[in-house]
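Data block for target37.cif (mmCIF, C-alpha atoms and all ligand atoms):
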```
data_model
loop_
_atom_site.label_atom_id
_atom_site.label_comp_id
_atom_site.auth_asym_id
_atom_site.auth_seq_id
_atom_site.Cartn_x
_atom_site.Cartn_y
_atom_site.Cartn_z
CA MET A 1002 34.31 103.28 134.17
CA SER A 1003 37.02 105.13 132.31
CA THR A 1004 39.48 107.41 134.04
CA PRO A 1005 41.15 109.52 131.32
CA LEU A 1006 44.59 108.22 130.37
CA GLN A 1007 47.46 110.27 131.74
CA ASN A 1008 49.94 108.68 129.32
CA ASP A 1009 48.54 107.55 126.00
CA LEU A 1010 51.79 107.64 123.99
CA TYR A 1011 51.52 103.92 123.29
CA LEU A 1012 48.00 104.17 121.82
CA ARG A 1013 48.92 107.23 119.80
CA ALA A 1014 52.03 105.56 118.37
CA LEU A 1015 49.95 102.53 117.33
CA ASN A 1016 47.63 104.95 115.55
CA ARG A 1017 50.71 106.39 113.85
CA GLU A 1018 50.07 109.80 115.43
CA GLU A 1019 52.95 112.13 116.33
CA THR A 1020 54.31 111.66 119.86
CA PRO A 1021 56.92 113.76 121.74
CA ARG A 1022 59.05 110.60 122.13
CA THR A 1023 58.91 106.89 121.30
CA PRO A 1024 56.85 104.88 123.82
CA VAL A 1025 58.45 101.78 125.31
CA TRP A 1026 57.34 98.55 126.97
CA VAL A 1027 58.87 95.08 127.05
CA MET A 1028 57.48 91.62 126.33
CA ARG A 1029 57.53 89.53 129.55
CA GLN A 1030 58.12 92.73 131.50
CA ALA A 1031 56.59 91.15 134.60
CA GLY A 1032 58.61 88.02 135.26
CA ARG A 1033 61.44 86.12 136.75
CA TYR A 1034 64.22 88.67 136.17
CA LEU A 1035 62.52 90.87 138.81
CA PRO A 1036 63.22 89.96 142.48
CA GLU A 1037 59.89 91.48 143.49
CA TYR A 1038 58.14 89.11 141.03
CA LEU A 1039 59.89 86.06 142.48
CA LYS A 1040 58.73 87.12 145.93
CA VAL A 1041 55.06 87.29 144.91
CA ARG A 1042 55.27 84.05 142.94
CA LYS A 1043 56.66 82.34 146.02
CA GLN A 1044 53.81 83.76 148.04
CA ALA A 1045 51.32 82.44 145.45
CA GLY A 1046 52.96 79.00 145.47
CA ASP A 1047 52.98 78.46 141.71
CA PHE A 1048 52.58 80.27 138.42
CA MET A 1049 48.94 79.31 137.68
CA THR A 1050 47.81 80.34 141.17
CA LEU A 1051 49.51 83.67 140.53
CA CYS A 1052 47.60 84.01 137.23
CA SER A 1053 44.29 83.05 138.78
CA THR A 1054 44.46 85.31 141.86
CA PRO A 1055 43.44 88.74 140.52
CA ASP A 1056 45.06 90.79 143.30
CA LEU A 1057 48.39 89.02 142.86
CA ALA A 1058 48.21 89.11 139.04
CA CYS A 1059 47.52 92.84 139.41
CA GLU A 1060 50.43 93.33 141.78
CA VAL A 1061 52.97 91.73 139.43
CA THR A 1062 51.52 93.54 136.39
CA LEU A 1063 52.22 96.86 138.10
CA GLN A 1064 55.72 95.99 139.35
CA PRO A 1065 57.58 96.85 136.12
CA ILE A 1066 55.42 99.97 135.65
CA ASP A 1067 56.38 101.20 139.11
CA ARG A 1068 60.04 100.34 138.65
CA PHE A 1069 60.64 101.57 135.09
CA ASN A 1070 57.76 103.92 134.29
CA LEU A 1071 56.98 101.97 131.13
CA ASP A 1072 54.38 103.35 128.71
CA ALA A 1073 52.06 100.32 128.73
CA ALA A 1074 51.09 97.55 131.13
CA ILE A 1075 50.43 94.00 129.91
CA LEU A 1076 48.01 91.71 131.66
CA PHE A 1077 49.83 89.12 133.74
CA SER A 1078 48.55 85.79 132.46
CA ASP A 1079 49.58 83.23 129.87
CA ILE A 1080 48.62 82.21 126.34
CA LEU A 1081 47.91 78.68 127.57
CA THR A 1082 44.84 79.69 129.63
CA ILE A 1083 42.63 78.95 126.59
CA PRO A 1084 43.72 75.33 126.05
CA ASP A 1085 43.50 74.87 129.81
CA ALA A 1086 39.89 76.10 129.68
CA MET A 1087 39.31 73.66 126.78
CA GLY A 1088 40.02 70.86 129.24
CA LEU A 1089 43.64 70.00 128.38
CA GLY A 1090 44.87 70.13 131.98
CA LEU A 1091 47.71 72.68 132.04
CA HIS A 1092 50.48 72.28 134.57
CA PHE A 1093 54.01 73.59 134.85
CA GLU A 1094 56.79 71.17 135.65
CA THR A 1095 59.74 72.92 137.22
CA GLY A 1096 62.52 73.47 134.72
CA GLU A 1097 60.50 71.90 131.91
CA GLY A 1098 57.95 74.55 131.07
CA PRO A 1099 54.25 73.99 130.38
CA LYS A 1100 52.70 70.54 129.98
CA PHE A 1101 49.20 69.31 129.10
CA SER A 1102 47.80 66.14 130.65
CA ASN A 1103 45.31 65.69 127.79
CA PRO A 1104 46.98 66.59 124.49
CA VAL A 1105 44.88 66.70 121.30
CA ARG A 1106 45.87 63.92 118.91
CA THR A 1107 42.78 62.29 117.36
CA ALA A 1108 39.58 63.28 115.56
CA ALA A 1109 37.67 62.40 118.75
CA ASP A 1110 39.94 64.72 120.78
CA VAL A 1111 39.26 67.59 118.35
CA GLU A 1112 35.54 66.82 118.23
CA LYS A 1113 35.12 67.15 121.97
CA LEU A 1114 37.08 70.45 122.30
CA PRO A 1115 34.72 73.12 123.58
CA VAL A 1116 34.84 76.80 122.67
CA PRO A 1117 35.14 78.13 126.24
CA ASP A 1118 32.75 80.80 127.48
CA PRO A 1119 35.10 83.46 128.89
CA ALA A 1120 32.52 84.33 131.55
CA GLN A 1121 32.83 80.79 132.91
CA SER A 1122 36.18 79.01 132.83
CA LEU A 1123 38.18 82.16 132.04
CA GLN A 1124 36.43 84.57 134.38
CA TYR A 1125 39.60 84.70 136.53
CA VAL A 1126 41.41 86.37 133.62
CA MET A 1127 38.60 88.92 133.21
CA ASP A 1128 38.74 89.62 136.97
CA ALA A 1129 42.49 90.22 136.67
CA VAL A 1130 41.90 92.62 133.74
CA SER A 1131 39.29 94.67 135.59
CA THR A 1132 41.35 94.74 138.80
CA ILE A 1133 44.48 95.89 136.93
CA ARG A 1134 42.55 98.51 135.00
CA ARG A 1135 41.12 99.90 138.24
CA GLU A 1136 44.51 99.93 139.99
CA LEU A 1137 46.27 101.50 137.01
CA ASN A 1138 43.84 104.35 137.44
CA GLY A 1139 44.65 105.80 134.02
CA ARG A 1140 48.46 105.82 134.38
CA VAL A 1141 49.13 103.89 131.17
CA PRO A 1142 47.05 101.72 128.81
CA LEU A 1143 46.51 98.03 129.55
CA ILE A 1144 47.36 95.47 126.87
CA GLY A 1145 45.32 92.25 126.71
CA PHE A 1146 46.66 89.27 124.75
CA SER A 1147 46.31 85.73 123.53
CA GLY A 1148 48.32 83.22 121.54
CA SER A 1149 47.64 82.72 117.84
CA PRO A 1150 45.64 79.58 116.99
CA TRP A 1151 48.69 77.97 115.33
CA THR A 1152 50.94 78.69 118.32
CA LEU A 1153 48.31 77.36 120.74
CA ALA A 1154 47.88 74.28 118.52
CA THR A 1155 51.60 73.49 118.76
CA TYR A 1156 51.30 73.21 122.56
CA MET A 1157 47.93 71.44 122.39
CA VAL A 1158 49.11 68.71 120.02
CA GLU A 1159 52.67 68.31 121.30
CA GLY A 1160 51.45 68.35 124.92
CA GLY A 1161 53.99 71.04 125.82
CA GLY A 1162 56.94 72.86 124.32
CA SER A 1163 58.71 71.27 121.37
CA LYS A 1164 61.91 71.56 119.34
CA ASP A 1165 60.85 69.83 116.12
CA PHE A 1166 57.01 70.08 116.24
CA SER A 1167 56.83 66.49 115.01
CA LYS A 1168 53.30 65.73 116.19
CA VAL A 1169 51.60 68.95 115.12
CA LYS A 1170 53.43 68.95 111.77
CA GLY A 1171 52.57 65.29 111.37
CA MET A 1172 48.91 66.30 111.77
CA LEU A 1173 49.35 69.26 109.41
CA PHE A 1174 50.66 67.07 106.58
CA SER A 1175 48.65 63.90 107.09
CA GLU A 1176 45.35 65.24 108.44
CA PRO A 1177 45.12 68.90 107.42
CA ALA A 1178 41.30 68.97 107.73
CA LEU A 1179 41.53 67.84 111.33
CA LEU A 1180 44.09 70.52 112.14
CA HIS A 1181 41.88 73.12 110.42
CA LYS A 1182 38.94 72.09 112.56
CA MET A 1183 41.02 72.51 115.68
CA LEU A 1184 42.44 75.86 114.53
CA ASP A 1185 38.94 77.09 113.75
CA LYS A 1186 37.66 76.20 117.24
CA THR A 1187 40.74 77.80 118.75
CA ALA A 1188 40.27 80.98 116.69
CA GLN A 1189 36.65 81.24 117.84
CA SER A 1190 37.85 80.79 121.43
CA VAL A 1191 40.51 83.49 121.00
CA ILE A 1192 37.98 85.95 119.55
CA SER A 1193 35.53 85.64 122.43
CA TYR A 1194 38.40 85.64 124.97
CA LEU A 1195 39.95 88.84 123.57
CA ASN A 1196 36.59 90.57 123.21
CA ALA A 1197 35.83 89.70 126.84
CA GLN A 1198 39.19 91.22 127.82
CA VAL A 1199 38.21 94.43 126.01
CA GLU A 1200 34.88 94.41 127.80
CA SER A 1201 36.73 94.01 131.11
CA GLY A 1202 39.03 96.95 130.36
CA ALA A 1203 41.86 95.98 128.00
CA GLN A 1204 42.75 99.00 125.81
CA ALA A 1205 44.93 97.28 123.19
CA LEU A 1206 45.37 93.67 122.10
CA MET A 1207 48.34 91.61 121.08
CA VAL A 1208 48.35 88.19 119.41
CA PHE A 1209 51.53 86.16 120.03
CA ASP A 1210 52.39 83.85 117.14
CA THR A 1211 55.57 82.57 118.70
CA TRP A 1212 55.84 79.54 116.39
CA GLY A 1213 54.50 80.82 113.05
CA GLY A 1214 58.12 81.16 111.93
CA VAL A 1215 58.66 77.39 111.86
CA LEU A 1216 56.23 77.02 108.92
CA SER A 1217 56.92 77.17 105.18
CA PRO A 1218 55.50 80.28 103.47
CA ALA A 1219 52.52 78.36 102.05
CA ASN A 1220 51.83 76.63 105.36
CA TYR A 1221 52.18 79.93 107.23
CA ARG A 1222 49.42 81.49 105.11
CA GLU A 1223 47.15 78.47 105.41
CA PHE A 1224 47.64 77.45 109.04
CA SER A 1225 48.69 80.57 110.91
CA LEU A 1226 47.90 83.80 109.04
CA ARG A 1227 44.43 82.67 107.95
CA TYR A 1228 43.35 82.28 111.58
CA MET A 1229 44.93 85.55 112.68
CA GLN A 1230 42.92 87.17 109.87
CA GLN A 1231 39.78 85.54 111.30
CA ILE A 1232 40.69 87.02 114.70
CA VAL A 1233 41.37 90.53 113.38
CA ASP A 1234 37.99 90.40 111.59
CA GLY A 1235 36.17 89.24 114.74
CA LEU A 1236 37.56 91.65 117.32
CA THR A 1237 35.93 94.61 118.99
CA ARG A 1238 37.98 97.50 117.62
CA GLU A 1239 36.59 100.34 119.72
CA ALA A 1240 35.73 100.78 123.39
CA ASP A 1241 34.94 103.82 125.54
CA GLY A 1242 34.99 105.97 122.41
CA ARG A 1243 38.57 105.04 121.62
CA LYS A 1244 40.14 102.68 119.10
CA VAL A 1245 41.40 99.37 120.53
CA PRO A 1246 44.51 98.69 118.45
CA VAL A 1247 45.49 95.12 117.55
CA VAL A 1248 49.11 94.04 117.19
CA LEU A 1249 50.18 90.78 115.53
CA PHE A 1250 53.57 89.27 116.28
CA THR A 1251 54.98 86.30 114.39
CA LYS A 1252 58.40 85.47 115.80
CA ASN A 1253 60.77 84.85 112.87
CA GLY A 1254 58.05 86.15 110.56
CA GLY A 1255 60.04 89.00 109.02
CA GLN A 1256 59.45 87.78 105.49
CA TRP A 1257 55.67 87.95 105.96
CA LEU A 1258 55.29 91.46 107.39
CA ASP A 1259 53.62 92.70 104.19
CA ILE A 1260 50.88 90.05 104.17
CA MET A 1261 50.45 90.43 107.93
CA ALA A 1262 49.90 94.18 107.46
CA ASP A 1263 47.20 93.37 104.90
CA THR A 1264 45.06 91.70 107.61
CA GLY A 1265 43.93 95.15 108.74
CA CYS A 1266 45.70 95.01 112.10
CA ASP A 1267 47.08 98.23 113.58
CA GLY A 1268 50.59 97.17 114.45
CA LEU A 1269 53.14 94.41 113.91
CA GLY A 1270 55.73 93.09 116.31
CA VAL A 1271 59.14 92.71 114.68
CA ASP A 1272 61.97 90.55 116.03
CA TRP A 1273 65.65 91.49 115.78
CA THR A 1274 66.34 89.39 112.69
CA THR A 1275 64.58 92.00 110.54
CA ASP A 1276 65.78 95.57 110.19
CA LEU A 1277 63.06 98.11 111.07
CA ALA A 1278 63.88 100.22 108.00
CA ASP A 1279 63.24 97.20 105.83
CA ALA A 1280 60.08 96.30 107.78
CA ARG A 1281 58.84 99.84 107.34
CA ALA A 1282 59.55 99.88 103.63
CA ARG A 1283 57.71 96.59 103.16
CA THR A 1284 54.62 97.54 105.15
CA GLY A 1285 54.25 100.86 103.36
CA GLY A 1286 52.96 102.92 106.30
CA LYS A 1287 49.91 100.67 106.73
CA VAL A 1288 50.78 99.69 110.31
CA ALA A 1289 52.81 100.76 113.32
CA LEU A 1290 55.87 98.67 114.19
CA GLN A 1291 56.86 97.36 117.59
CA GLY A 1292 60.39 96.21 118.40
CA ASN A 1293 63.06 95.14 117.96
CA LEU A 1294 66.11 95.13 120.24
CA ASP A 1295 67.76 91.70 120.57
CA PRO A 1296 66.88 90.66 124.17
CA SER A 1297 70.52 89.52 124.61
CA VAL A 1298 71.68 93.13 124.28
CA LEU A 1299 70.64 93.46 127.93
CA TYR A 1300 73.48 91.10 128.87
CA GLY A 1301 75.93 93.73 127.59
CA SER A 1302 77.35 96.80 129.31
CA PRO A 1303 75.27 99.97 129.87
CA GLU A 1304 77.30 101.73 127.15
CA SER A 1305 76.61 98.94 124.67
CA ILE A 1306 72.89 98.99 125.56
CA ARG A 1307 72.71 102.73 124.84
CA ALA A 1308 74.49 102.23 121.52
CA GLN A 1309 72.17 99.37 120.49
CA VAL A 1310 69.08 101.40 121.43
CA LYS A 1311 70.35 104.14 119.12
CA THR A 1312 70.78 101.62 116.30
CA VAL A 1313 67.15 100.49 116.68
CA LEU A 1314 65.78 104.05 116.86
CA ASP A 1315 67.88 105.06 113.83
CA SER A 1316 66.76 102.03 111.84
CA TYR A 1317 63.12 103.04 112.32
CA GLY A 1318 64.06 106.59 111.34
CA SER A 1319 61.90 109.68 111.63
CA GLY A 1320 58.14 109.93 111.71
CA PRO A 1321 55.47 108.37 113.91
CA GLY A 1322 54.42 104.73 114.31
CA HIS A 1323 57.21 103.16 116.36
CA VAL A 1324 56.73 101.45 119.72
CA PHE A 1325 60.08 100.46 121.22
CA ASN A 1326 60.29 96.90 122.56
CA LEU A 1327 62.57 93.92 122.62
CA GLY A 1328 62.31 91.54 119.67
CA HIS A 1329 61.07 88.83 122.06
CA GLY A 1330 60.58 88.38 125.81
CA ILE A 1331 63.17 89.60 128.31
CA HIS A 1332 65.47 86.81 129.52
CA GLN A 1333 65.19 85.47 133.04
CA PHE A 1334 68.83 86.16 134.02
CA VAL A 1335 69.05 89.78 132.89
CA ASN A 1336 70.07 92.38 135.48
CA PRO A 1337 66.92 94.53 135.96
CA GLU A 1338 69.09 97.65 136.10
CA HIS A 1339 70.05 97.01 132.49
CA LEU A 1340 66.41 97.28 131.49
CA GLY A 1341 66.37 100.62 133.33
CA VAL A 1342 69.33 101.74 131.20
CA MET A 1343 67.46 100.69 128.04
CA VAL A 1344 64.28 102.56 129.00
CA GLU A 1345 66.20 105.73 129.91
CA ALA A 1346 68.11 105.55 126.62
CA VAL A 1347 64.87 105.27 124.62
CA ARG A 1348 63.42 108.28 126.44
CA GLU A 1349 66.48 110.48 125.96
CA GLN A 1350 67.40 109.47 122.46
CA SER A 1351 63.92 109.57 120.97
CA ALA A 1352 62.87 112.96 122.38
CA ARG A 1353 61.75 115.26 119.56
O1 LIG B 1401 54.60 89.86 128.91
C1 LIG B 1401 54.20 89.81 130.08
O2 LIG B 1401 54.84 90.26 131.05
C2 LIG B 1401 52.82 89.23 130.32
C3 LIG B 1401 52.76 87.87 130.76
C4 LIG B 1401 53.03 86.74 129.81
C5 LIG B 1401 53.51 85.49 130.28
N1 LIG B 1401 53.50 84.63 129.23
C6 LIG B 1401 53.88 85.19 131.66
C7 LIG B 1401 54.69 84.00 131.94
C8 LIG B 1401 52.82 86.62 128.44
C9 LIG B 1401 52.38 87.66 127.42
C10 LIG B 1401 53.11 85.26 128.09
C11 LIG B 1401 52.93 84.72 126.73
C12 LIG B 1401 53.41 83.37 126.42
N2 LIG B 1401 53.37 82.26 127.20
C13 LIG B 1401 53.93 82.99 125.17
C14 LIG B 1401 54.01 83.89 123.95
C15 LIG B 1401 55.06 84.90 124.06
C16 LIG B 1401 56.45 84.40 123.90
O3 LIG B 1401 57.20 84.54 124.87
O4 LIG B 1401 56.75 83.91 122.82
C17 LIG B 1401 54.23 81.62 125.23
C18 LIG B 1401 54.83 80.79 124.12
C19 LIG B 1401 53.86 81.17 126.52
C20 LIG B 1401 53.92 79.78 127.04
C21 LIG B 1401 54.73 79.68 128.25
N3 LIG B 1401 54.38 80.19 129.47
C22 LIG B 1401 55.99 79.07 128.39
C23 LIG B 1401 56.74 78.41 127.27
C24 LIG B 1401 56.38 79.23 129.73
C25 LIG B 1401 57.59 78.69 130.39
C26 LIG B 1401 58.69 79.66 130.16
C27 LIG B 1401 59.97 79.22 130.80
O5 LIG B 1401 60.98 79.78 130.34
O6 LIG B 1401 59.96 78.41 131.74
C28 LIG B 1401 55.38 79.97 130.38
C29 LIG B 1401 55.38 80.39 131.78
C30 LIG B 1401 55.36 81.88 132.03
N4 LIG B 1401 54.48 82.73 131.45
C31 LIG B 1401 56.19 82.60 132.93
C32 LIG B 1401 55.75 83.93 132.89
C33 LIG B 1401 56.24 85.09 133.72
C34 LIG B 1401 57.26 82.01 133.83
C35 LIG B 1401 56.53 81.39 134.97
C36 LIG B 1401 57.30 81.35 136.23
O7 LIG B 1401 57.99 80.35 136.41
O8 LIG B 1401 57.19 82.31 137.02
#
```
Exercise: express the given structure as structure tokens:
Amino acid sequence: MSTPLQNDLYLRALNREETPRTPVWVMRQAGRYLPEYLKVRKQAGDFMTLCSTPDLACEVTLQPIDRFNLDAAILFSDILTIPDAMGLGLHFETGEGPKFSNPVRTAADVEKLPVPDPAQSLQYVMDAVSTIRRELNGRVPLIGFSGSPWTLATYMVEGGGSKDFSKVKGMLFSEPALLHKMLDKTAQSVISYLNAQVESGAQALMVFDTWGGVLSPANYREFSLRYMQQIVDGLTREADGRKVPVVLFTKNGGQWLDIMADTGCDGLGVDWTTDLADARARTGGKVALQGNLDPSVLYGSPESIRAQVKTVLDSYGSGPGHVFNLGHGIHQFVNPEHLGVMVEAVREQSAR
């Protein structure tokens, strides 16, 4: 099944091996800032149809690779596929983001949550992974992903996006055992989902903990990190004779990078509110670091983008173990040419 990788800079950097330059990819690299993405989404009709049609998911996954020659591809899908497969009824309301018809609020709701078999209700994701892997034909590695249990729980309990997390935090403080039960089922679901992605061809894994940063330090350990630890411990870490690196990313989690590194993951995503030099000092060479350009830098001029890229590369400093990325997903209204400027700048400025 495996065509040898032509460009494995990303995997080598996550292993903290020397590379001739710093590899680069971007969170949300396939998405609405690209006119060619909007065209395919229109053709699909809606976002979930796009995710569940393997040929179309494959096409949009490859678009940013073709346009920018990035060093890794990321599966086109969403973190909310798992709660959808748990029966919550995911739909996207235009302009309002994701919504669940059946949010999880009571002990009975938690009790009836299944741990989905990826070969059943999530087979469409596995089909997308194997199609993308075949079409990539060894150009660059393919990243599989999921949300962290805590981040998924915020959507599952709130019934969609939230600003204050009132319902899920209400559950956390008044019924912690119930929330733990739900997080445990979700963690089990994430483990079998990610392992199935590896079996279908994913060569690296990333866990998005977008909302871990809204927790207090004690709550972060108990309700988010604990379940990411469970995931790291349960994952397939090698496939086709090669290590499958795992990257954890807690947005706004800069203060916890040291305890995150202690999970035994291979890399950590870092947002722009933490300096990479500081992140590196605090993780003591245990992990690779991915990040951390402020996504809003891409609203600036090409000259300012090149200068900010230099600041990020300089803050990491010399030595292996850096994967260049934004500190969070690329914004919808960014000029795609500005991403091109960023990628070129990383290539030129990091060449050793
Ligand atoms: O990075 C990639 O290019 C891979 C694809 C990917 C998507 N979502 C596609 C998507 C990934 C990795 C995600 C992860 C995701 N989804 C996260 C965690 C990462 C993060 O950004 O913090 C979260 C919290 C979600 C949940 C989600 N999905 C939201 C809140 C939304 C609405 C966003 C909005 O601004 O309206 C989505 C939809 C979504 N997922 C889109 C894309 C390209 C936009 C859909 C569209 O309208 O075309």
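Among the candidates A:Trp1257, A:Phe1334, A:Tyr1300, A:Tyr1317, the one nearest to Leu1277 in chain A when counting all atoms listed in the file is A:Tyr1317.
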Edge lengths and centre in Å, axis-aligned, range 1231-1236 of chain A plus 8 Å each side, as JSON:
```
{"center_x": 38.8, "center_y": 88.6, "center_z": 114.3, "size_x": 21.2, "size_y": 22.1, "size_z": 22.0}
```
What does the list of residues within 6 Å of ligand LIG 1401 (chain B) look like if you count all atoms listed in the file, written as a PyMOL selection string? chain A and resi 1028-1033+1048+1075-1080+1098-1099+1209+1211+1330
So how many Å separate CA of Asp1128 in chain A and CA of Ser1053 in chain A, to one decimal? 8.8 Å
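Distances to Val1324 in chain A were evaluated for A:Arg1013, A:Lys1164, A:Lys1311, A:Arg1353 using all atoms listed in the file, and the minimum falls at A:Arg1013.
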Could you tell me, as a PyMOL selection string, which residues have any atom at most 6 Å from (33.3, 88.8, 129.5), counting only C-alpha atoms? chain A and resi 1119-1120+1197
Polymer residues at most 12 Å from Met1049 in chain A, all atoms listed in the file, same-chain spacing of 6 or more positions, as a list of chain:residue names: A:Arg1042, A:Lys1043, A:Pro1055, A:Leu1057, A:Ala1058, A:Phe1077, A:Ser1078, A:Asp1079, A:Ile1080, A:Leu1081, A:Thr1082, A:Asp1085, A:Gly1090, A:Leu1091, A:His1092, A:Phe1093, A:Glu1094, A:Pro1099, A:Tyr1125, A:Val1126
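What separates CA of Thr1054 in chain A from CA of Ser1131 in chain A is a distance of 12.4 Å.
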Selection: 10 Å around Met1207 in chain A, all atoms listed in the file, excl. self and same-chain fewer than 4 positions, as a list in words: Ile1075, Ile1144, Gly1145, Phe1146, Ser1147, Gly1148, Ser1149, Leu1195, Pro1246, Val1247, Val1248, Leu1249, Phe1250, Cys1266, Gly1268, Leu1269 and Gly1270 of chain A
Might you pull out every residue within 9 Å of Leu1153 in chain A, with all atoms listed in the file counted and same-chain residues fewer than 3 positions away left off, and present them as number ranges by chain? A: 1080-1081, 1083-1084, 1148-1150, 1156-1158, 1184, 1187, 1210, 1212
Can you tell me, as a short mmCIF file (atom, residue, chain, number, x, y, z; two decimals) with C-alpha atoms, in the frame of the given file, what residues are no more than 12 Å from Leu1063 in chain A when counting only C-alpha atoms, ignoring any on the same chain fewer than 4 positions away?
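Result file follows (part11.cif):
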```cif
data_model
loop_
_atom_site.label_atom_id
_atom_site.label_comp_id
_atom_site.auth_asym_id
_atom_site.auth_seq_id
_atom_site.Cartn_x
_atom_site.Cartn_y
_atom_site.Cartn_z
CA GLN A 1030 58.12 92.73 131.50
CA ALA A 1031 56.59 91.15 134.60
CA GLY A 1032 58.61 88.02 135.26
CA LEU A 1035 62.52 90.87 138.81
CA GLU A 1037 59.89 91.48 143.49
CA TYR A 1038 58.14 89.11 141.03
CA ASP A 1056 45.06 90.79 143.30
CA LEU A 1057 48.39 89.02 142.86
CA ALA A 1058 48.21 89.11 139.04
CA CYS A 1059 47.52 92.84 139.41
CA ASP A 1067 56.38 101.20 139.11
CA ARG A 1068 60.04 100.34 138.65
CA PHE A 1069 60.64 101.57 135.09
CA ASN A 1070 57.76 103.92 134.29
CA LEU A 1071 56.98 101.97 131.13
CA ASP A 1072 54.38 103.35 128.71
CA ALA A 1073 52.06 100.32 128.73
CA ALA A 1074 51.09 97.55 131.13
CA ILE A 1075 50.43 94.00 129.91
CA LEU A 1076 48.01 91.71 131.66
CA PHE A 1077 49.83 89.12 133.74
CA ALA A 1129 42.49 90.22 136.67
CA VAL A 1130 41.90 92.62 133.74
CA THR A 1132 41.35 94.74 138.80
CA ILE A 1133 44.48 95.89 136.93
CA ARG A 1134 42.55 98.51 135.00
CA ARG A 1135 41.12 99.90 138.24
CA GLU A 1136 44.51 99.93 139.99
CA LEU A 1137 46.27 101.50 137.01
CA ASN A 1138 43.84 104.35 137.44
CA ARG A 1140 48.46 105.82 134.38
CA VAL A 1141 49.13 103.89 131.17
CA PRO A 1142 47.05 101.72 128.81
CA LEU A 1143 46.51 98.03 129.55
#
```
